[in-house]
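Colleague: A single structure is presented below for examination.
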Amino acid sequence: MSMDRPDRVAAQLAERGLDALLVTDLVNVRWLTGFSGSNGLAVVGPGDQRLFLTDFRYLTQSAEQLDDAWERTVAPEILIAGAVAVAAPAEGSDGPLRVGFDDEHVSVKDHGTLASKVADGVELVPAGGLVEELRMVKDPGELAAIRAAAQLADAALTEVLGRGLAGRTEREVALDLEFTMRRAGAEAPSFPSIIASGTHSALPHAAPRDVEIPAGTLVTIDWGARLDGYASDCTRTYATGELDPRDREIYDLVLEAQETSLAAVRAGVGGREVDAVARDIITAAGHGEHFGHGLGHGVGAEVHEGPRLSQRSEATLAVGQVVTVEPGVYVPGAIGVRIEDLAVVTEDGAEVLSGLPKHLQVIA
Ligand code: ZN
Ligand code: ZN
């Protein structure tokens, strides 16, 4: 870790008028502490307090993964009840202790448990998104993991395409791709792979079917690999033979929108502005209503995280963020095309992590 993440969180506490933060979401816990088990909770502050709770099963693993700054405690399996003990006003302190909790992830039930057990004078304050905001900017180690995941995913798809597309079922191709990524060292696919051919490609989140991929159509493949806790995400659309001119036209339109909006990515630009670059091109071609999702999203420990690139985004891109640029045109009942790259935001542009070509390729 190039920066001390717990200290970055502690600095945020001061800014938000909090004395402590309960970190309960496991992705946030892993980012903060390095712990990758299935039950862990971290408390940052007050002061330089760094407390980690887990259950009996993770005694050894947590000792290996956490550094000495963390005081480790074994708690009952419902960790949030154990967290209450630490969130108590110090001896002799006056006034309530303001303890932030992740209202975007803590269930109503857990919040009830917490509220019923906190000491008098402790105030539970919604602080959702605090860690997620810090997670948006990646350090060099995180960028290396995402880059490696993207390279692994590219190599796996290249291998799968070598076995052809037409005549295989969407499910066969999806399984082949996921198996190939796992065999190459991926922990898992980042998400269930999308293999969508023909009219099915008009569904942005199509699930692979037991249907043979026909010749002479388009196939959208959206896939990613998870490696060292980080995800990749990419989409390519391939032809399986000679295309209907309409399909070719839509491909060229999406490619133009993708390349132009990708070229607009750089630090200081708004997520809404980048989205508009692609959306204006697609709208001018008469397909505005066929581009019904945002242009992109952040990628890191989670495949969908901040910042968003969309019509409603309030994000301003910053150096070290990793975002997708993925315009699509989906004509219901006819055809769909999506082209997606993964890129690191830099001072004056973007470093593209997805390496596969984007000109229309025929994979029979
Ligand atoms: Zn994707
Ligand atoms: Zn995506």
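Ligands are numbered from 1 in the order shown, residues from 1 within each chain, and chains are lettered A, B, ... in the order they appear in the structure tokens.
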Could you give me, as an MDAnalysis selection string, every polymer residue with an atom at most 12 Å away from an atom of ligand 2, counting only C-alpha atoms and all ligand atoms?

Modeller: chainID A and resid 190:191 193:194 204:205 221:224 231:236 293:300 302:306 308:309 322:328 338:343

Colleague: Apply DSSP to the structure's backbone, then extract all residues of range 195-293 of chain A labelled strand (DSSP E or B) and return them as a ChimeraX atom specification.

Modeller: /A:195-197,212,218-223,225-227,230-231,234-239,270

Colleague: Output N, CA, C and O atoms of each residue in that selection to a file, as a tab-separated table (two decimals), in the first residue's frame.

Modeller:
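For reference, out-v7.tsv as written:
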```
chain	number	residue	atom	x	y	z
A	195	ILE	N	-22.94	-13.42	-23.45
A	195	ILE	CA	-22.70	-13.82	-24.84
A	195	ILE	C	-24.07	-13.70	-25.50
A	195	ILE	O	-24.97	-14.50	-25.21
A	196	ALA	N	-24.27	-12.69	-26.32
A	196	ALA	CA	-25.61	-12.42	-26.85
A	196	ALA	C	-25.54	-12.26	-28.36
A	196	ALA	O	-24.92	-11.33	-28.86
A	197	SER	N	-26.20	-13.17	-29.08
A	197	SER	CA	-26.12	-13.14	-30.55
A	197	SER	C	-27.47	-12.79	-31.16
A	197	SER	O	-28.53	-12.97	-30.54
A	212	GLU	N	-27.77	-21.99	-30.53
A	212	GLU	CA	-26.59	-21.89	-31.38
A	212	GLU	C	-26.45	-20.49	-31.96
A	212	GLU	O	-27.43	-19.88	-32.39
A	218	LEU	N	-24.38	-10.45	-35.40
A	218	LEU	CA	-23.46	-9.87	-34.43
A	218	LEU	C	-23.57	-10.63	-33.10
A	218	LEU	O	-24.64	-11.12	-32.74
A	219	VAL	N	-22.45	-10.71	-32.41
A	219	VAL	CA	-22.41	-11.34	-31.08
A	219	VAL	C	-21.73	-10.37	-30.12
A	219	VAL	O	-20.59	-9.96	-30.35
A	220	THR	N	-22.44	-10.01	-29.08
A	220	THR	CA	-21.86	-9.14	-28.05
A	220	THR	C	-21.30	-10.00	-26.93
A	220	THR	O	-22.00	-10.87	-26.40
A	221	ILE	N	-20.05	-9.75	-26.58
A	221	ILE	CA	-19.41	-10.49	-25.49
A	221	ILE	C	-18.93	-9.48	-24.45
A	221	ILE	O	-18.10	-8.61	-24.74
A	222	ASP	N	-19.48	-9.58	-23.26
A	222	ASP	CA	-19.13	-8.68	-22.15
A	222	ASP	C	-18.60	-9.57	-21.03
A	222	ASP	O	-19.33	-10.43	-20.54
A	223	TRP	N	-17.34	-9.38	-20.67
A	223	TRP	CA	-16.71	-10.33	-19.74
A	223	TRP	C	-15.63	-9.63	-18.94
A	223	TRP	O	-15.20	-8.53	-19.28
A	225	ALA	N	-12.34	-10.57	-15.69
A	225	ALA	CA	-11.68	-11.51	-14.78
A	225	ALA	C	-11.44	-10.83	-13.45
A	225	ALA	O	-11.21	-9.62	-13.39
A	226	ARG	N	-11.49	-11.62	-12.38
A	226	ARG	CA	-11.15	-11.12	-11.05
A	226	ARG	C	-9.81	-11.73	-10.66
A	226	ARG	O	-9.61	-12.94	-10.74
A	227	LEU	N	-8.89	-10.82	-10.27
A	227	LEU	CA	-7.54	-11.25	-9.95
A	227	LEU	C	-7.05	-10.43	-8.76
A	227	LEU	O	-7.17	-9.21	-8.76
A	230	TYR	N	-9.29	-7.73	-7.54
A	230	TYR	CA	-9.70	-6.64	-8.44
A	230	TYR	C	-10.31	-7.18	-9.73
A	230	TYR	O	-9.93	-8.26	-10.19
A	231	ALA	N	-11.23	-6.40	-10.27
A	231	ALA	CA	-12.02	-6.85	-11.42
A	231	ALA	C	-11.57	-6.16	-12.70
A	231	ALA	O	-11.00	-5.07	-12.67
A	234	CYS	N	-14.90	-5.56	-19.88
A	234	CYS	CA	-14.68	-5.18	-21.27
A	234	CYS	C	-15.80	-5.77	-22.12
A	234	CYS	O	-16.40	-6.78	-21.76
A	235	THR	N	-16.10	-5.12	-23.23
A	235	THR	CA	-17.07	-5.68	-24.18
A	235	THR	C	-16.55	-5.53	-25.60
A	235	THR	O	-16.01	-4.47	-25.95
A	236	ARG	N	-16.70	-6.58	-26.37
A	236	ARG	CA	-16.47	-6.50	-27.81
A	236	ARG	C	-17.67	-7.11	-28.51
A	236	ARG	O	-18.32	-8.01	-27.98
A	237	THR	N	-17.95	-6.61	-29.72
A	237	THR	CA	-19.02	-7.17	-30.53
A	237	THR	C	-18.39	-7.68	-31.83
A	237	THR	O	-17.61	-6.96	-32.45
A	238	TYR	N	-18.66	-8.94	-32.16
A	238	TYR	CA	-18.06	-9.58	-33.33
A	238	TYR	C	-19.13	-9.94	-34.36
A	238	TYR	O	-20.29	-10.17	-34.00
A	239	ALA	N	-18.70	-10.04	-35.62
A	239	ALA	CA	-19.58	-10.54	-36.67
A	239	ALA	C	-19.27	-12.02	-36.89
A	239	ALA	O	-18.12	-12.44	-36.74
A	270	GLY	N	-16.23	16.24	-16.31
A	270	GLY	CA	-17.37	15.67	-15.60
A	270	GLY	C	-17.83	14.36	-16.20
A	270	GLY	O	-17.75	14.16	-17.42
```

Colleague: Quick check for you: according to DSSP on this backbone, which residues of range 53-149 of chain A are classed as helix (DSSP H, G or I)? Reply as a ChimeraX atom specification.

Modeller: /A:56-65,79-86,108-117,130-135,140-149

Colleague: Please identify all polymer residues within 8 Å of Leu165 in chain A, counting only C-alpha atoms, omitting same-chain residues fewer than 4 positions from it, and present them as a PDB file with all heavy atoms, in the first residue's frame.

Modeller:
```pdb
ATOM      1  N   LEU A 161     -11.971 -17.303 -28.889  1.00  0.00           N
ATOM      2  CA  LEU A 161     -12.371 -16.928 -30.256  1.00  0.00           C
ATOM      3  C   LEU A 161     -11.693 -17.835 -31.282  1.00  0.00           C
ATOM      4  O   LEU A 161     -12.232 -18.098 -32.353  1.00  0.00           O
ATOM      5  CB  LEU A 161     -12.030 -15.458 -30.537  1.00  0.00           C
ATOM      6  CG  LEU A 161     -12.827 -14.407 -29.753  1.00  0.00           C
ATOM      7  CD1 LEU A 161     -12.342 -13.006 -30.107  1.00  0.00           C
ATOM      8  CD2 LEU A 161     -14.331 -14.533 -30.008  1.00  0.00           C
ATOM      9  N   VAL A 173     -19.967 -21.051 -25.204  1.00  0.00           N
ATOM     10  CA  VAL A 173     -18.929 -20.013 -25.305  1.00  0.00           C
ATOM     11  C   VAL A 173     -18.697 -19.358 -23.940  1.00  0.00           C
ATOM     12  O   VAL A 173     -17.559 -19.123 -23.525  1.00  0.00           O
ATOM     13  CB  VAL A 173     -19.295 -18.969 -26.383  1.00  0.00           C
ATOM     14  CG1 VAL A 173     -18.282 -17.822 -26.395  1.00  0.00           C
ATOM     15  CG2 VAL A 173     -19.369 -19.626 -27.762  1.00  0.00           C
ATOM     16  N   ILE A 213     -25.220 -20.008 -31.964  1.00  0.00           N
ATOM     17  CA  ILE A 213     -24.937 -18.695 -32.538  1.00  0.00           C
ATOM     18  C   ILE A 213     -24.980 -18.837 -34.063  1.00  0.00           C
ATOM     19  O   ILE A 213     -24.260 -19.657 -34.628  1.00  0.00           O
ATOM     20  CB  ILE A 213     -23.550 -18.203 -32.080  1.00  0.00           C
ATOM     21  CG1 ILE A 213     -23.537 -18.042 -30.551  1.00  0.00           C
ATOM     22  CG2 ILE A 213     -23.175 -16.896 -32.783  1.00  0.00           C
ATOM     23  CD1 ILE A 213     -22.165 -17.778 -29.952  1.00  0.00           C
ATOM     24  N   THR A 240     -20.294 -12.803 -37.230  1.00  0.00           N
ATOM     25  CA  THR A 240     -20.046 -14.223 -37.512  1.00  0.00           C
ATOM     26  C   THR A 240     -20.143 -14.512 -39.010  1.00  0.00           C
ATOM     27  O   THR A 240     -20.323 -15.654 -39.422  1.00  0.00           O
ATOM     28  CB  THR A 240     -21.060 -15.115 -36.759  1.00  0.00           C
ATOM     29  OG1 THR A 240     -22.385 -14.686 -37.096  1.00  0.00           O
ATOM     30  CG2 THR A 240     -20.857 -15.038 -35.259  1.00  0.00           C
ATOM     31  N   ILE A 363     -15.596 -13.483 -36.857  1.00  0.00           N
ATOM     32  CA  ILE A 363     -15.205 -14.732 -36.200  1.00  0.00           C
ATOM     33  C   ILE A 363     -16.265 -15.755 -36.560  1.00  0.00           C
ATOM     34  O   ILE A 363     -17.376 -15.734 -36.033  1.00  0.00           O
ATOM     35  CB  ILE A 363     -15.144 -14.587 -34.653  1.00  0.00           C
ATOM     36  CG1 ILE A 363     -14.344 -13.370 -34.215  1.00  0.00           C
ATOM     37  CG2 ILE A 363     -14.639 -15.884 -34.012  1.00  0.00           C
ATOM     38  CD1 ILE A 363     -12.844 -13.478 -34.380  1.00  0.00           C
ATOM     39  N   ALA A 364     -15.950 -16.599 -37.493  1.00  0.00           N
ATOM     40  CA  ALA A 364     -16.973 -17.544 -37.984  1.00  0.00           C
ATOM     41  C   ALA A 364     -17.116 -18.705 -37.004  1.00  0.00           C
ATOM     42  O   ALA A 364     -16.278 -18.914 -36.147  1.00  0.00           O
ATOM     43  CB  ALA A 364     -16.591 -18.036 -39.376  1.00  0.00           C
TER      44      ALA A 364
END
```

Colleague: Tell me which protein, DNA and RNA residues are within 12 Å of Leu134 in chain A, counting only C-alpha atoms, leaving out same-chain ones fewer than 3 positions away, and put them as a compact mmCIF listing (two decimals) with N, CA, C and O atoms, in the first residue's frame.

Modeller:
```txt
# COMPACT_ATOMS: atom_id res chain seq x y z
N MET A 3 -0.18 4.36 0.34
CA MET A 3 -0.66 5.31 1.34
C MET A 3 -1.33 4.52 2.43
O MET A 3 -1.85 3.45 2.20
N ASP A 4 -1.31 5.06 3.62
CA ASP A 4 -1.96 4.37 4.72
C ASP A 4 -3.47 4.61 4.65
O ASP A 4 -3.96 5.71 4.92
N ARG A 5 -4.18 3.59 4.26
CA ARG A 5 -5.62 3.75 4.06
C ARG A 5 -6.38 4.09 5.35
O ARG A 5 -7.25 4.97 5.32
N PRO A 6 -6.07 3.42 6.48
CA PRO A 6 -6.79 3.81 7.71
C PRO A 6 -6.59 5.29 8.05
O PRO A 6 -7.54 5.96 8.50
N ASP A 7 -5.41 5.81 7.80
CA ASP A 7 -5.17 7.23 8.08
C ASP A 7 -5.99 8.13 7.14
O ASP A 7 -6.44 9.20 7.53
N ARG A 8 -6.16 7.67 5.91
CA ARG A 8 -6.98 8.46 4.98
C ARG A 8 -8.43 8.49 5.45
O ARG A 8 -9.12 9.50 5.34
N VAL A 9 -8.90 7.34 5.99
CA VAL A 9 -10.26 7.30 6.53
C VAL A 9 -10.36 8.22 7.75
O VAL A 9 -11.31 8.99 7.89
N ALA A 10 -9.34 8.15 8.62
CA ALA A 10 -9.35 8.98 9.83
C ALA A 10 -9.41 10.46 9.47
O ALA A 10 -10.12 11.24 10.12
N ALA A 11 -8.72 10.84 8.42
CA ALA A 11 -8.74 12.25 7.99
C ALA A 11 -10.15 12.65 7.54
O ALA A 11 -10.59 13.78 7.78
N GLN A 12 -10.86 11.72 6.92
CA GLN A 12 -12.24 11.98 6.50
C GLN A 12 -13.17 12.15 7.70
O GLN A 12 -14.13 12.91 7.65
N ASN A 28 -15.22 -3.06 1.59
CA ASN A 28 -14.56 -1.94 2.26
C ASN A 28 -13.59 -2.43 3.32
O ASN A 28 -12.49 -1.86 3.49
N TRP A 31 -10.44 -3.60 1.57
CA TRP A 31 -9.66 -2.46 1.07
C TRP A 31 -8.90 -1.79 2.22
O TRP A 31 -7.74 -1.41 2.09
N LEU A 32 -9.59 -1.70 3.37
CA LEU A 32 -9.03 -0.97 4.50
C LEU A 32 -7.97 -1.78 5.25
O LEU A 32 -6.95 -1.22 5.69
N GLY A 128 -22.58 6.49 4.91
CA GLY A 128 -22.42 5.63 3.73
C GLY A 128 -21.61 6.33 2.65
O GLY A 128 -21.73 7.53 2.47
N GLY A 129 -20.78 5.56 1.95
CA GLY A 129 -20.06 6.10 0.82
C GLY A 129 -18.71 6.70 1.17
O GLY A 129 -17.94 7.03 0.27
N LEU A 130 -18.40 6.81 2.45
CA LEU A 130 -17.13 7.45 2.84
C LEU A 130 -15.93 6.64 2.32
O LEU A 130 -15.02 7.18 1.68
N VAL A 131 -15.95 5.34 2.57
CA VAL A 131 -14.83 4.51 2.11
C VAL A 131 -14.87 4.36 0.58
O VAL A 131 -13.83 4.42 -0.08
N VAL A 137 -10.07 6.40 -6.24
CA VAL A 137 -8.73 6.67 -6.78
C VAL A 137 -7.82 5.50 -6.38
O VAL A 137 -7.68 5.18 -5.21
N LYS A 138 -7.25 4.85 -7.39
CA LYS A 138 -6.46 3.65 -7.17
C LYS A 138 -4.98 3.97 -6.97
O LYS A 138 -4.44 4.87 -7.62
N ASP A 139 -4.34 3.19 -6.10
CA ASP A 139 -2.90 3.36 -5.95
C ASP A 139 -2.20 2.43 -6.95
O ASP A 139 -2.84 1.62 -7.62
N GLY A 300 -13.04 -1.53 -9.80
CA GLY A 300 -11.95 -1.72 -8.84
C GLY A 300 -12.16 -3.03 -8.12
O GLY A 300 -12.26 -4.08 -8.74
N GLU A 305 -18.54 0.42 -9.53
CA GLU A 305 -18.36 1.35 -8.41
C GLU A 305 -18.25 2.75 -8.98
O GLU A 305 -18.46 2.97 -10.17
N GLY A 306 -17.93 3.71 -8.13
CA GLY A 306 -17.82 5.08 -8.62
C GLY A 306 -16.51 5.30 -9.33
O GLY A 306 -15.59 4.50 -9.16
N PRO A 307 -16.40 6.33 -10.12
CA PRO A 307 -17.44 7.31 -10.46
C PRO A 307 -18.32 6.83 -11.61
O PRO A 307 -17.90 5.96 -12.39
N ALA A 318 -10.88 12.10 -11.85
CA ALA A 318 -9.61 12.43 -11.19
C ALA A 318 -8.55 11.41 -11.58
O ALA A 318 -8.87 10.25 -11.90
N GLY A 320 -6.05 8.57 -11.62
CA GLY A 320 -6.01 7.32 -10.85
C GLY A 320 -7.35 6.62 -10.74
O GLY A 320 -7.42 5.51 -10.23
N GLN A 321 -8.41 7.24 -11.23
CA GLN A 321 -9.69 6.53 -11.26
C GLN A 321 -9.67 5.58 -12.46
O GLN A 321 -9.00 5.84 -13.46
```

Colleague: Expressed in Å to a single decimal, how great is the separation between CA of Val23 in chain A and CA of Gly100 in chain A?

Modeller: 8.6 Å

Colleague: For Ala127 in chain A, find every residue with an atom within 10 Å (counting only C-alpha atoms), except residues of its own chain fewer than 4 positions away, and show them as a list of chain:residue names.

Modeller: A:Leu13, A:Arg16, A:Leu18, A:Leu21, A:Leu22, A:Val23, A:Val99, A:Gly100, A:Phe101, A:Asp102, A:Asp103, A:Glu104, A:Val131

Colleague: Go through A:Ala285, A:Val122, A:Val345, A:Val106 one by one, measure the shortest atom-to-atom distance of each to Gly271 in chain A using only C-alpha atoms, and give the residue with the smallest value.

Modeller: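 The answer is A:Val345, which sits nearest to Gly271 in chain A.
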
Colleague: Hey, can you check how far CA of Gly241 in chain A sits from CA of Ala215 in chain A?

Modeller: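 Between CA of Gly241 in chain A and CA of Ala215 in chain A the gap works out to 5.5 Å.
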
Colleague: In Å, rounded to a single decimal, give me how far CA of Pro96 in chain A is from CA of Thr73 in chain A.

Modeller: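 Between CA of Thr73 in chain A and CA of Pro96 in chain A the gap works out to 24.6 Å.
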
Colleague: May I ask which of the residues A:Ala150, A:Ala145, A:Val108, A:Ala278 is the closest one to ligand 1, counting only C-alpha atoms and all ligand atoms?

Modeller: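 Ranked by minimum distance to ligand 1, first place goes to A:Ala150.
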
Colleague: Which polymer residues have any atom within 7 Å of an atom of Ile335 in chain A, counting only C-alpha atoms, with same-chain residues fewer than 3 positions away left out, as a CSV table (one decimal) with all heavy atoms, in the first residue's frame?

Modeller:
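New file out-v4.csv:
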```
chain,number,residue,atom,x,y,z
A,198,GLY,N,-27.4,-12.3,-32.4
A,198,GLY,CA,-28.6,-12.0,-33.2
A,198,GLY,C,-29.5,-11.0,-32.4
A,198,GLY,O,-29.0,-10.1,-31.8
A,199,THR,N,-30.8,-11.3,-32.5
A,199,THR,CA,-31.8,-10.3,-31.8
A,199,THR,C,-31.6,-10.2,-30.3
A,199,THR,O,-31.9,-9.2,-29.7
A,199,THR,CB,-33.2,-10.7,-32.1
A,199,THR,OG1,-33.4,-12.1,-31.7
A,199,THR,CG2,-33.6,-10.7,-33.6
A,201,SER,N,-28.9,-9.8,-28.8
A,201,SER,CA,-27.9,-8.8,-28.5
A,201,SER,C,-28.5,-7.4,-28.3
A,201,SER,O,-27.9,-6.5,-27.8
A,201,SER,CB,-26.9,-8.6,-29.7
A,201,SER,OG,-27.5,-8.3,-30.9
A,202,ALA,N,-29.8,-7.3,-28.6
A,202,ALA,CA,-30.6,-6.1,-28.3
A,202,ALA,C,-30.9,-6.0,-26.8
A,202,ALA,O,-31.4,-4.9,-26.4
A,202,ALA,CB,-31.8,-6.0,-29.2
A,247,ASP,N,-26.9,-3.7,-39.7
A,247,ASP,CA,-26.1,-4.1,-38.5
A,247,ASP,C,-24.7,-3.4,-38.6
A,247,ASP,O,-24.1,-3.0,-37.6
A,247,ASP,CB,-25.9,-5.6,-38.5
A,247,ASP,CG,-27.3,-6.3,-38.3
A,247,ASP,OD1,-28.3,-5.5,-38.1
A,247,ASP,OD2,-27.4,-7.5,-38.3
A,330,TYR,N,-29.2,-0.5,-28.9
A,330,TYR,CA,-30.0,-1.7,-28.8
A,330,TYR,C,-31.3,-1.4,-29.5
A,330,TYR,O,-32.2,-0.7,-29.0
A,330,TYR,CB,-30.3,-2.1,-27.4
A,330,TYR,CG,-29.0,-2.0,-26.5
A,330,TYR,CD1,-28.6,-0.8,-25.9
A,330,TYR,CD2,-28.1,-3.1,-26.5
A,330,TYR,CE1,-27.4,-0.8,-25.1
A,330,TYR,CE2,-26.9,-3.0,-25.8
A,330,TYR,CZ,-26.6,-1.9,-25.1
A,330,TYR,OH,-25.4,-1.8,-24.4
A,331,VAL,N,-31.5,-2.1,-30.7
A,331,VAL,CA,-32.7,-1.9,-31.5
A,331,VAL,C,-33.6,-3.1,-31.2
A,331,VAL,O,-33.3,-4.2,-31.6
A,331,VAL,CB,-32.5,-1.8,-33.0
A,331,VAL,CG1,-33.8,-1.5,-33.7
A,331,VAL,CG2,-31.4,-0.7,-33.3
A,332,PRO,N,-34.7,-2.9,-30.4
A,332,PRO,CA,-35.5,-4.1,-29.9
A,332,PRO,C,-35.9,-4.9,-31.1
A,332,PRO,O,-36.4,-4.4,-32.1
A,332,PRO,CB,-36.7,-3.4,-29.3
A,332,PRO,CG,-36.3,-2.0,-28.9
A,332,PRO,CD,-35.3,-1.6,-29.9
```

Colleague: Near Asp154 in chain A, counting only C-alpha atoms, which residues have an atom at most 8 Å away, once you skip same-chain residues fewer than 6 positions from it, shown as a PyMOL selection string?

Modeller: chain A and resi 354-356

Colleague: Closest to Val29 in chain A among A:Ala284, A:Ala334, A:Ala264, A:Ala42, using only C-alpha atoms?

Modeller: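 So, comparing all the options, the nearest one is A:Ala42.
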
Colleague: Using only C-alpha atoms and all ligand atoms, find the one residue out of A:Pro126, A:Thr169, A:Ala206, A:Asp55 that sits nearest to ligand 1.

Modeller: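 The answer is A:Ala206, which sits nearest to ligand 1.
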
Colleague: Taking into account only C-alpha atoms and all ligand atoms, which residue in the set A:Glu289, A:Arg279, A:Ala153, A:Asp19 is nearest to ligand 1?

Modeller: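 The answer is A:Ala153, which sits nearest to ligand 1.
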